[in-house]
>>> print(open('structure-v7.pdb').read())   # PDB, C-alpha atoms and all ligand atoms
ATOM      1  CA  MET A   4      12.246  -4.654  23.340  1.00  0.00           C
ATOM      2  CA  THR A   5      15.544  -6.346  22.554  1.00  0.00           C
ATOM      3  CA  ILE A   6      18.278  -4.747  20.531  1.00  0.00           C
ATOM      4  CA  GLU A   7      17.615  -7.200  17.690  1.00  0.00           C
ATOM      5  CA  HIS A   8      14.012  -6.096  17.501  1.00  0.00           C
ATOM      6  CA  ALA A   9      14.993  -2.429  17.485  1.00  0.00           C
ATOM      7  CA  ASP A  10      17.359  -3.150  14.593  1.00  0.00           C
ATOM      8  CA  ASP A  11      14.589  -4.912  12.703  1.00  0.00           C
ATOM      9  CA  ASP A  12      12.273  -1.935  13.192  1.00  0.00           C
ATOM     10  CA  ASN A  13      14.930   0.497  12.003  1.00  0.00           C
ATOM     11  CA  HIS A  14      15.662  -1.662   9.014  1.00  0.00           C
ATOM     12  CA  GLU A  15      11.987  -1.841   8.101  1.00  0.00           C
ATOM     13  CA  LEU A  16      11.517   1.897   8.574  1.00  0.00           C
ATOM     14  CA  ARG A  17      14.511   2.585   6.333  1.00  0.00           C
ATOM     15  CA  TYR A  18      13.013   0.311   3.700  1.00  0.00           C
ATOM     16  CA  TRP A  19       9.719   2.218   3.589  1.00  0.00           C
ATOM     17  CA  ARG A  20      11.404   5.635   3.818  1.00  0.00           C
ATOM     18  CA  ASP A  21      13.599   4.734   0.882  1.00  0.00           C
ATOM     19  CA  LEU A  22      10.494   3.928  -1.177  1.00  0.00           C
ATOM     20  CA  GLU A  23       8.770   7.087   0.014  1.00  0.00           C
ATOM     21  CA  GLN A  24      11.697   9.263  -1.058  1.00  0.00           C
ATOM     22  CA  ARG A  25      11.372   7.992  -4.593  1.00  0.00           C
ATOM     23  CA  LEU A  26       7.665   8.790  -4.904  1.00  0.00           C
ATOM     24  CA  PRO A  27       6.926  11.727  -7.216  1.00  0.00           C
ATOM     25  CA  PRO A  28       7.347  14.883  -5.063  1.00  0.00           C
ATOM     26  CA  LYS A  29       4.024  16.315  -6.247  1.00  0.00           C
ATOM     27  CA  GLY A  30       2.156  13.070  -5.869  1.00  0.00           C
ATOM     28  CA  VAL A  31       1.492  10.085  -8.079  1.00  0.00           C
ATOM     29  CA  ALA A  32      -1.421  11.835  -9.800  1.00  0.00           C
ATOM     30  CA  SER A  33       0.906  14.643 -10.959  1.00  0.00           C
ATOM     31  CA  ILE A  34       2.725  12.176 -13.232  1.00  0.00           C
ATOM     32  CA  PHE A  35       0.122   9.497 -13.929  1.00  0.00           C
ATOM     33  CA  THR A  36      -2.834  11.725 -14.624  1.00  0.00           C
ATOM     34  CA  THR A  37      -5.229   9.172 -16.086  1.00  0.00           C
ATOM     35  CA  ASP A  38      -6.016   5.501 -15.655  1.00  0.00           C
ATOM     36  CA  ALA A  39      -4.689   4.903 -19.172  1.00  0.00           C
ATOM     37  CA  ALA A  40      -1.374   6.529 -18.173  1.00  0.00           C
ATOM     38  CA  CYS A  41      -1.186   4.188 -15.171  1.00  0.00           C
ATOM     39  CA  ARG A  42      -1.844   1.148 -17.359  1.00  0.00           C
ATOM     40  CA  ASP A  43       0.804   2.311 -19.851  1.00  0.00           C
ATOM     41  CA  ARG A  44       3.262   2.630 -16.975  1.00  0.00           C
ATOM     42  CA  LEU A  45       2.415  -0.864 -15.724  1.00  0.00           C
ATOM     43  CA  ALA A  46       2.945  -2.254 -19.227  1.00  0.00           C
ATOM     44  CA  ALA A  47       6.308  -0.468 -19.573  1.00  0.00           C
ATOM     45  CA  VAL A  48       7.490  -1.849 -16.224  1.00  0.00           C
ATOM     46  CA  ARG A  49       6.160  -5.328 -16.852  1.00  0.00           C
ATOM     47  CA  TRP A  50       7.322  -5.637 -20.449  1.00  0.00           C
ATOM     48  CA  PRO A  51      10.354  -3.329 -20.830  1.00  0.00           C
ATOM     49  CA  THR A  52      11.162  -4.740 -24.283  1.00  0.00           C
ATOM     50  CA  GLY A  53       7.554  -4.745 -25.564  1.00  0.00           C
ATOM     51  CA  VAL A  54       4.330  -6.536 -24.662  1.00  0.00           C
ATOM     52  CA  ALA A  55       4.643 -10.313 -24.818  1.00  0.00           C
ATOM     53  CA  CYS A  56       1.785 -12.806 -24.613  1.00  0.00           C
ATOM     54  CA  ILE A  57       1.728 -14.213 -21.099  1.00  0.00           C
ATOM     55  CA  LYS A  58       0.606 -17.573 -22.392  1.00  0.00           C
ATOM     56  CA  CYS A  59       2.867 -18.339 -25.356  1.00  0.00           C
ATOM     57  CA  GLY A  60       5.462 -15.544 -25.192  1.00  0.00           C
ATOM     58  CA  SER A  61       4.733 -14.274 -28.702  1.00  0.00           C
ATOM     59  CA  MET A  62       5.313 -10.574 -29.237  1.00  0.00           C
ATOM     60  CA  ASP A  63       2.724 -10.450 -31.993  1.00  0.00           C
ATOM     61  CA  VAL A  64       0.230  -8.808 -29.685  1.00  0.00           C
ATOM     62  CA  GLY A  65      -2.534  -6.347 -30.473  1.00  0.00           C
ATOM     63  CA  HIS A  66      -4.023  -3.810 -28.098  1.00  0.00           C
ATOM     64  CA  LEU A  67      -7.693  -2.869 -27.814  1.00  0.00           C
ATOM     65  CA  ALA A  68      -7.317   0.373 -25.868  1.00  0.00           C
ATOM     66  CA  LEU A  69     -11.033   0.865 -25.312  1.00  0.00           C
ATOM     67  CA  ARG A  70     -11.437  -2.573 -23.793  1.00  0.00           C
ATOM     68  CA  LYS A  71      -8.098  -2.272 -21.985  1.00  0.00           C
ATOM     69  CA  THR A  72      -7.235  -5.654 -23.462  1.00  0.00           C
ATOM     70  CA  TYR A  73      -4.288  -7.204 -25.267  1.00  0.00           C
ATOM     71  CA  HIS A  74      -4.842 -10.073 -27.660  1.00  0.00           C
ATOM     72  CA  CYS A  75      -2.240 -12.506 -28.915  1.00  0.00           C
ATOM     73  CA  ARG A  76      -2.329 -13.052 -32.667  1.00  0.00           C
ATOM     74  CA  ASN A  77      -0.430 -16.313 -32.252  1.00  0.00           C
ATOM     75  CA  CYS A  78      -2.510 -18.187 -29.660  1.00  0.00           C
ATOM     76  CA  ARG A  79      -5.508 -15.834 -29.451  1.00  0.00           C
ATOM     77  CA  TYR A  80      -5.203 -15.432 -25.712  1.00  0.00           C
ATOM     78  CA  GLN A  81      -6.644 -12.196 -24.322  1.00  0.00           C
ATOM     79  CA  PHE A  82      -5.195 -10.494 -21.286  1.00  0.00           C
ATOM     80  CA  THR A  83      -4.845  -7.156 -19.543  1.00  0.00           C
ATOM     81  CA  VAL A  84      -1.820  -5.501 -17.998  1.00  0.00           C
ATOM     82  CA  LEU A  85      -2.927  -6.923 -14.642  1.00  0.00           C
ATOM     83  CA  THR A  86      -3.556 -10.527 -15.743  1.00  0.00           C
ATOM     84  CA  GLY A  87      -1.191 -12.866 -13.946  1.00  0.00           C
ATOM     85  CA  THR A  88      -0.123 -10.265 -11.350  1.00  0.00           C
ATOM     86  CA  SER A  89      -1.175 -10.028  -7.730  1.00  0.00           C
ATOM     87  CA  LEU A  90      -3.381  -7.081  -8.714  1.00  0.00           C
ATOM     88  CA  ARG A  91      -5.453  -9.140 -11.144  1.00  0.00           C
ATOM     89  CA  SER A  92      -8.350 -10.341  -9.010  1.00  0.00           C
ATOM     90  CA  SER A  93     -10.025  -7.043  -8.477  1.00  0.00           C
ATOM     91  CA  LYS A  94     -12.073  -4.568 -10.395  1.00  0.00           C
ATOM     92  CA  LEU A  95      -9.968  -1.729  -9.058  1.00  0.00           C
ATOM     93  CA  SER A  96      -8.503   0.649 -11.603  1.00  0.00           C
ATOM     94  CA  ALA A  97      -4.758   0.921 -12.117  1.00  0.00           C
ATOM     95  CA  GLN A  98      -5.035   4.542 -11.036  1.00  0.00           C
ATOM     96  CA  LEU A  99      -6.584   3.579  -7.703  1.00  0.00           C
ATOM     97  CA  TRP A 100      -3.850   0.979  -7.177  1.00  0.00           C
ATOM     98  CA  PHE A 101      -1.166   3.611  -7.798  1.00  0.00           C
ATOM     99  CA  GLU A 102      -2.706   6.166  -5.456  1.00  0.00           C
ATOM    100  CA  THR A 103      -3.384   3.620  -2.742  1.00  0.00           C
ATOM    101  CA  ALA A 104       0.125   2.173  -2.995  1.00  0.00           C
ATOM    102  CA  ALA A 105       1.612   5.664  -2.594  1.00  0.00           C
ATOM    103  CA  GLU A 106      -0.606   6.299   0.434  1.00  0.00           C
ATOM    104  CA  TYR A 107       0.389   2.946   1.907  1.00  0.00           C
ATOM    105  CA  ILE A 108       4.102   3.631   1.436  1.00  0.00           C
ATOM    106  CA  GLY A 109       3.700   7.049   3.075  1.00  0.00           C
ATOM    107  CA  TRP A 110       1.918   5.461   6.004  1.00  0.00           C
ATOM    108  CA  ARG A 111       4.508   2.731   6.530  1.00  0.00           C
ATOM    109  CA  ALA A 112       7.337   5.269   6.248  1.00  0.00           C
ATOM    110  CA  THR A 113       5.999   7.105   9.292  1.00  0.00           C
ATOM    111  CA  ASN A 114       4.324   4.245  11.201  1.00  0.00           C
ATOM    112  CA  SER A 115       6.534   1.223  10.704  1.00  0.00           C
ATOM    113  CA  GLN A 116       5.163  -0.520  13.806  1.00  0.00           C
ATOM    114  CA  HIS A 117       1.480  -0.236  12.910  1.00  0.00           C
ATOM    115  CA  ASP A 118      -0.033  -1.311   9.655  1.00  0.00           C
ATOM    116  CA  PHE A 119      -2.481   0.914   7.811  1.00  0.00           C
ATOM    117  CA  GLY A 120      -5.900   0.425   9.455  1.00  0.00           C
ATOM    118  CA  ILE A 121      -8.435  -1.373   7.262  1.00  0.00           C
ATOM    119  CA  HIS A 122     -11.176   1.174   7.980  1.00  0.00           C
ATOM    120  CA  ALA A 123      -8.870   4.059   7.084  1.00  0.00           C
ATOM    121  CA  LEU A 124      -7.805   2.272   3.935  1.00  0.00           C
ATOM    122  CA  ALA A 125     -11.428   1.574   2.964  1.00  0.00           C
ATOM    123  CA  ALA A 126     -12.275   5.260   3.487  1.00  0.00           C
ATOM    124  CA  PHE A 127      -9.263   6.416   1.460  1.00  0.00           C
ATOM    125  CA  MET A 128     -10.146   4.112  -1.430  1.00  0.00           C
ATOM    126  CA  GLY A 129     -13.909   4.502  -1.233  1.00  0.00           C
ATOM    127  CA  VAL A 130     -14.391   0.721  -1.099  1.00  0.00           C
ATOM    128  CA  ALA A 131     -15.981  -1.776   1.287  1.00  0.00           C
ATOM    129  CA  TYR A 132     -14.097  -3.258   4.235  1.00  0.00           C
ATOM    130  CA  PRO A 133     -13.511  -6.727   2.692  1.00  0.00           C
ATOM    131  CA  THR A 134     -11.999  -5.134  -0.407  1.00  0.00           C
ATOM    132  CA  ALA A 135      -9.702  -2.953   1.709  1.00  0.00           C
ATOM    133  CA  PHE A 136      -8.697  -6.027   3.695  1.00  0.00           C
ATOM    134  CA  ARG A 137      -7.702  -7.836   0.508  1.00  0.00           C
ATOM    135  CA  VAL A 138      -5.978  -4.784  -0.927  1.00  0.00           C
ATOM    136  CA  ARG A 139      -3.847  -4.298   2.179  1.00  0.00           C
ATOM    137  CA  LYS A 140      -2.669  -7.894   1.980  1.00  0.00           C
ATOM    138  CA  ILE A 141      -1.763  -7.484  -1.687  1.00  0.00           C
ATOM    139  CA  LEU A 142       0.026  -4.169  -1.082  1.00  0.00           C
ATOM    140  CA  LYS A 143       2.004  -5.695   1.764  1.00  0.00           C
ATOM    141  CA  GLN A 144       3.094  -8.604  -0.422  1.00  0.00           C
ATOM    142  CA  ASP A 145       3.866  -6.531  -3.482  1.00  0.00           C
ATOM    143  CA  LEU A 146       5.547  -3.551  -1.839  1.00  0.00           C
ATOM    144  CA  GLY A 147       7.172  -5.180   1.160  1.00  0.00           C
ATOM    145  CA  PRO A 148      10.744  -6.462   1.400  1.00  0.00           C
ATOM    146  CA  GLY A 149      11.238  -9.437  -0.919  1.00  0.00           C
ATOM    147  CA  GLY A 150       8.019  -8.785  -2.855  1.00  0.00           C
ATOM    148  CA  PRO A 151       7.849  -8.387  -6.643  1.00  0.00           C
ATOM    149  CA  ARG A 152       7.468  -4.617  -6.135  1.00  0.00           C
ATOM    150  CA  LEU A 153       5.538  -4.205  -9.356  1.00  0.00           C
ATOM    151  CA  LEU A 154       3.702  -1.180  -7.938  1.00  0.00           C
ATOM    152  CA  ALA A 155       6.848   0.197  -6.329  1.00  0.00           C
ATOM    153  CA  LYS A 156       8.682   0.031  -9.656  1.00  0.00           C
ATOM    154  CA  CYS A 157       5.782   1.886 -11.271  1.00  0.00           C
ATOM    155  CA  ILE A 158       5.425   4.741  -8.814  1.00  0.00           C
ATOM    156  CA  CYS A 159       8.783   5.061  -7.017  1.00  0.00           C
ATOM    157  CA  CYS A 160      10.242   6.566 -10.157  1.00  0.00           C
ATOM    158  CA  SER A 161      11.885   9.834  -9.155  1.00  0.00           C
ATOM    159  CA  SER A 162      15.641  10.088  -8.527  1.00  0.00           C
ATOM    160  CA  GLN A 163      16.463   6.396  -8.706  1.00  0.00           C
ATOM    161  CA  VAL A 164      19.047   5.550  -6.068  1.00  0.00           C
TER
HETATM  162 ZN    ZN A 201      -0.072 -16.137 -27.148  1.00  0.00          ZN
END
>>> encode(input="structure-v7.pdb", output="C-alpha cells")
Amino acid sequence: MTIEHADDDNHELRYWRDLEQRLPPKGVASIFTTDAACRDRLAAVRWPTGVACIKCGSMDVGHLALRKTYHCRNCRYQFTVLTGTSLRSSKLSAQLWFETAAEYIGWRATNSQHDFGIHALAAFMGVAYPTAFRVRKILKQDLGPGGPRLLAKCICCSSQV
C-alpha cells in the first residue's frame, strides 16, 4: 500500500467516524420513535422554510397524513416526502431508512476498507437480497463524501460540529 492510499483510507475513515459521532447516542429510534416522526424529520430537512410543491414551487400545499401524501393546491400534483429523492423508488418506510443508514454509518466507521455485506444488510433490514443490493448503493451515494446527505442530515443531528 502506498502512502497516498493510506491517506485516502484515513480520510475516508475520518469521514465516517465524524458522521457516527453525530448519531443520537441512544440510537436513531430513541429520537425518531415512529415512521411519522421520521417523515416529519425528512420534511423539515428537505423543506426548512415549509413544504413546497416539487413541481411548481407553490407553498400552497396540503397534507394527507393518513396517506402520507402532500397535494399541491396550485397544480394538483401529489407527492410524498421521498418523491424526487434517491430514496423514492422503494416501498421501504422512512423509519427503516433511518435505522439502516445509522447501521451503515456505524459499519463504515469501523470497517472503512470493506463495505457492508449485502447478506448482512438484507438480514438487518429483513428484506430480500436484491432490495439490500439496491439500498446499499443508495446509502453509499447519499451518505458518502460528495453525496446529498439527505439521510445524514436527518439522523446525524446531535452536537453539530
Ligand atoms: Zn404544484
>>> atom_distance(input="structure-v7.pdb", atom1="atom CA of A:Leu67", atom2="atom CA of A:Ala47")
16.4 Å
>>> closest_residue(input="structure-v7.pdb", among="A:Thr113, A:Asn13, A:Ala104, A:Cys160", to="A:Gly147", atoms="all atoms listed in the file")
A:Ala104
>>> atom_distance(input="structure-v7.pdb", atom1="atom CA of A:Ala97", atom2="atom CA of A:Val138")
12.6 Å
>>> resolve_selection(input="structure-v7.pdb", expression="the PyMOL selection byres (((not hetatm)) within 10 of (chain A and resi 201))", output="PyMOL selection string")
chain A and resi 55-64+74-82
>>> axis_aligned_box(input="structure-v7.pdb", around="stretch 83-90 of chain A", padding_each_side="4 Å", output="AutoDock Vina command-line options")
--center_x -2.5 --center_y -9.2 --center_z -13.6 --size_x 12.7 --size_y 15.4 --size_z 19.8
>>> closest_residue(input="structure-v7.pdb", among="A:Lys140, A:Arg42, A:His66, A:Lys156", to="A:Arg25", atoms="only C-alpha atoms")
A:Lys156
>>> closest_atom_pairs(input="structure-v7.pdb", of="stretch 57-128 of chain A", to="stretch 27-41 of chain A", cutoff="10 Å", atoms="all atoms listed in the file", output="tab-separated table")
residue	atom	partner	partner_atom	distance
A:Ala68	CA	A:Ala39	CA	8.5
A:Leu69	CA	A:Ala39	CA	9.7
A:Lys71	CA	A:Ala39	CA	8.4
A:Ser96	CA	A:Asp38	CA	6.8
A:Ala97	CA	A:Cys41	CA	5.7
A:Gln98	CA	A:Asp38	CA	4.8
A:Leu99	CA	A:Asp38	CA	8.2
A:Trp100	CA	A:Cys41	CA	9.0
A:Phe101	CA	A:Val31	CA	7.0
A:Glu102	CA	A:Val31	CA	6.3
A:Thr103	CA	A:Val31	CA	9.7
A:Ala104	CA	A:Val31	CA	9.5
A:Ala105	CA	A:Val31	CA	7.0
A:Glu106	CA	A:Val31	CA	9.6
>>> atom_distance(input="structure-v7.pdb", atom1="atom CA of A:His14", atom2="atom CA of A:Gln144")
17.2 Å
>>> closest_residue(input="structure-v7.pdb", among="A:Ala123, A:Ala131, A:Leu45, A:Ala112", to="A:Ala155", atoms="only C-alpha atoms")
A:Leu45
>>> residues_around(input="structure-v7.pdb", residues="A:Leu124", least_positions_apart="5", cutoff="9 Å", atoms="all atoms listed in the file", output="mmCIF file with C-alpha atoms, in the frame of the given file")
data_model
loop_
_atom_site.group_PDB
_atom_site.id
_atom_site.type_symbol
_atom_site.label_atom_id
_atom_site.label_comp_id
_atom_site.auth_asym_id
_atom_site.auth_seq_id
_atom_site.Cartn_x
_atom_site.Cartn_y
_atom_site.Cartn_z
ATOM 1 C CA THR A 103 -3.384 3.620 -2.742
ATOM 2 C CA GLU A 106 -0.606 6.299 0.434
ATOM 3 C CA TYR A 107 0.389 2.946 1.907
ATOM 4 C CA PHE A 119 -2.481 0.914 7.811
ATOM 5 C CA GLY A 129 -13.909 4.502 -1.233
ATOM 6 C CA VAL A 130 -14.391 0.721 -1.099
ATOM 7 C CA TYR A 132 -14.097 -3.258 4.235
ATOM 8 C CA ALA A 135 -9.702 -2.953 1.709
ATOM 9 C CA PHE A 136 -8.697 -6.027 3.695
ATOM 10 C CA VAL A 138 -5.978 -4.784 -0.927
ATOM 11 C CA ARG A 139 -3.847 -4.298 2.179
#
>>> build_atoms(input="structure-v7.pdb", residues="stretch 109-136 of chain A", atoms="N, CA and C atoms", output="mmCIF file, in the frame of the given file")
data_model
loop_
_atom_site.group_PDB
_atom_site.id
_atom_site.type_symbol
_atom_site.label_atom_id
_atom_site.label_comp_id
_atom_site.auth_asym_id
_atom_site.auth_seq_id
_atom_site.Cartn_x
_atom_site.Cartn_y
_atom_site.Cartn_z
ATOM 1 N N GLY A 109 3.580 5.882 2.193
ATOM 2 C CA GLY A 109 3.700 7.049 3.075
ATOM 3 C C GLY A 109 3.349 6.701 4.508
ATOM 4 N N TRP A 110 2.332 5.876 4.661
ATOM 5 C CA TRP A 110 1.918 5.461 6.004
ATOM 6 C C TRP A 110 3.003 4.626 6.669
ATOM 7 N N ARG A 111 3.506 3.627 5.936
ATOM 8 C CA ARG A 111 4.508 2.731 6.530
ATOM 9 C C ARG A 111 5.816 3.465 6.810
ATOM 10 N N ALA A 112 6.101 4.516 6.046
ATOM 11 C CA ALA A 112 7.337 5.269 6.248
ATOM 12 C C ALA A 112 7.292 6.093 7.535
ATOM 13 N N THR A 113 6.096 6.335 8.045
ATOM 14 C CA THR A 113 5.999 7.105 9.292
ATOM 15 C C THR A 113 5.471 6.261 10.443
ATOM 16 N N ASN A 114 4.896 5.091 10.148
ATOM 17 C CA ASN A 114 4.324 4.245 11.201
ATOM 18 C C ASN A 114 4.766 2.805 11.011
ATOM 19 N N SER A 115 6.073 2.569 11.064
ATOM 20 C CA SER A 115 6.534 1.223 10.704
ATOM 21 C C SER A 115 5.965 0.151 11.625
ATOM 22 N N GLN A 116 5.608 0.510 12.855
ATOM 23 C CA GLN A 116 5.163 -0.520 13.806
ATOM 24 C C GLN A 116 3.689 -0.875 13.632
ATOM 25 N N HIS A 117 2.913 0.029 13.047
ATOM 26 C CA HIS A 117 1.480 -0.236 12.910
ATOM 27 C C HIS A 117 1.101 -0.229 11.441
ATOM 28 N N ASP A 118 0.390 -1.262 11.047
ATOM 29 C CA ASP A 118 -0.033 -1.311 9.655
ATOM 30 C C ASP A 118 -1.175 -0.321 9.432
ATOM 31 N N PHE A 119 -1.379 0.023 8.194
ATOM 32 C CA PHE A 119 -2.481 0.914 7.811
ATOM 33 C C PHE A 119 -3.793 0.269 8.262
ATOM 34 N N GLY A 120 -4.633 0.986 8.992
ATOM 35 C CA GLY A 120 -5.900 0.425 9.455
ATOM 36 C C GLY A 120 -6.830 0.133 8.282
ATOM 37 N N ILE A 121 -7.562 -0.979 8.378
ATOM 38 C CA ILE A 121 -8.435 -1.373 7.262
ATOM 39 C C ILE A 121 -9.533 -0.332 7.032
ATOM 40 N N HIS A 122 -10.099 0.185 8.141
ATOM 41 C CA HIS A 122 -11.176 1.174 7.980
ATOM 42 C C HIS A 122 -10.651 2.437 7.291
ATOM 43 N N ALA A 123 -9.471 2.869 7.694
ATOM 44 C CA ALA A 123 -8.870 4.059 7.084
ATOM 45 C C ALA A 123 -8.571 3.810 5.608
ATOM 46 N N LEU A 124 -8.119 2.609 5.323
ATOM 47 C CA LEU A 124 -7.805 2.272 3.935
ATOM 48 C C LEU A 124 -9.084 2.227 3.092
ATOM 49 N N ALA A 125 -10.139 1.640 3.663
ATOM 50 C CA ALA A 125 -11.428 1.574 2.964
ATOM 51 C C ALA A 125 -11.945 2.985 2.678
ATOM 52 N N ALA A 126 -11.807 3.878 3.660
ATOM 53 C CA ALA A 126 -12.275 5.260 3.487
ATOM 54 C C ALA A 126 -11.448 5.969 2.418
ATOM 55 N N PHE A 127 -10.130 5.770 2.447
ATOM 56 C CA PHE A 127 -9.263 6.416 1.460
ATOM 57 C C PHE A 127 -9.624 5.972 0.040
ATOM 58 N N MET A 128 -9.885 4.664 -0.103
ATOM 59 C CA MET A 128 -10.146 4.112 -1.430
ATOM 60 C C MET A 128 -11.597 4.259 -1.866
ATOM 61 N N GLY A 129 -12.494 4.470 -0.903
ATOM 62 C CA GLY A 129 -13.909 4.502 -1.233
ATOM 63 C C GLY A 129 -14.431 3.114 -1.577
ATOM 64 N N VAL A 130 -13.950 2.098 -0.865
ATOM 65 C CA VAL A 130 -14.391 0.721 -1.099
ATOM 66 C C VAL A 130 -14.881 0.110 0.211
ATOM 67 N N ALA A 131 -15.477 -1.073 0.105
ATOM 68 C CA ALA A 131 -15.981 -1.776 1.287
ATOM 69 C C ALA A 131 -14.828 -2.408 2.070
ATOM 70 N N TYR A 132 -15.109 -2.702 3.335
ATOM 71 C CA TYR A 132 -14.097 -3.258 4.235
ATOM 72 C C TYR A 132 -13.408 -4.518 3.681
ATOM 73 N N PRO A 133 -14.176 -5.501 3.171
ATOM 74 C CA PRO A 133 -13.511 -6.727 2.692
ATOM 75 C C PRO A 133 -12.543 -6.451 1.547
ATOM 76 N N THR A 134 -12.901 -5.492 0.696
ATOM 77 C CA THR A 134 -11.999 -5.134 -0.407
ATOM 78 C C THR A 134 -10.723 -4.517 0.145
ATOM 79 N N ALA A 135 -10.877 -3.600 1.107
ATOM 80 C CA ALA A 135 -9.702 -2.953 1.709
ATOM 81 C C ALA A 135 -8.820 -3.991 2.400
ATOM 82 N N PHE A 136 -9.436 -4.964 3.012
ATOM 83 C CA PHE A 136 -8.697 -6.027 3.695
ATOM 84 C C PHE A 136 -7.814 -6.780 2.696
#
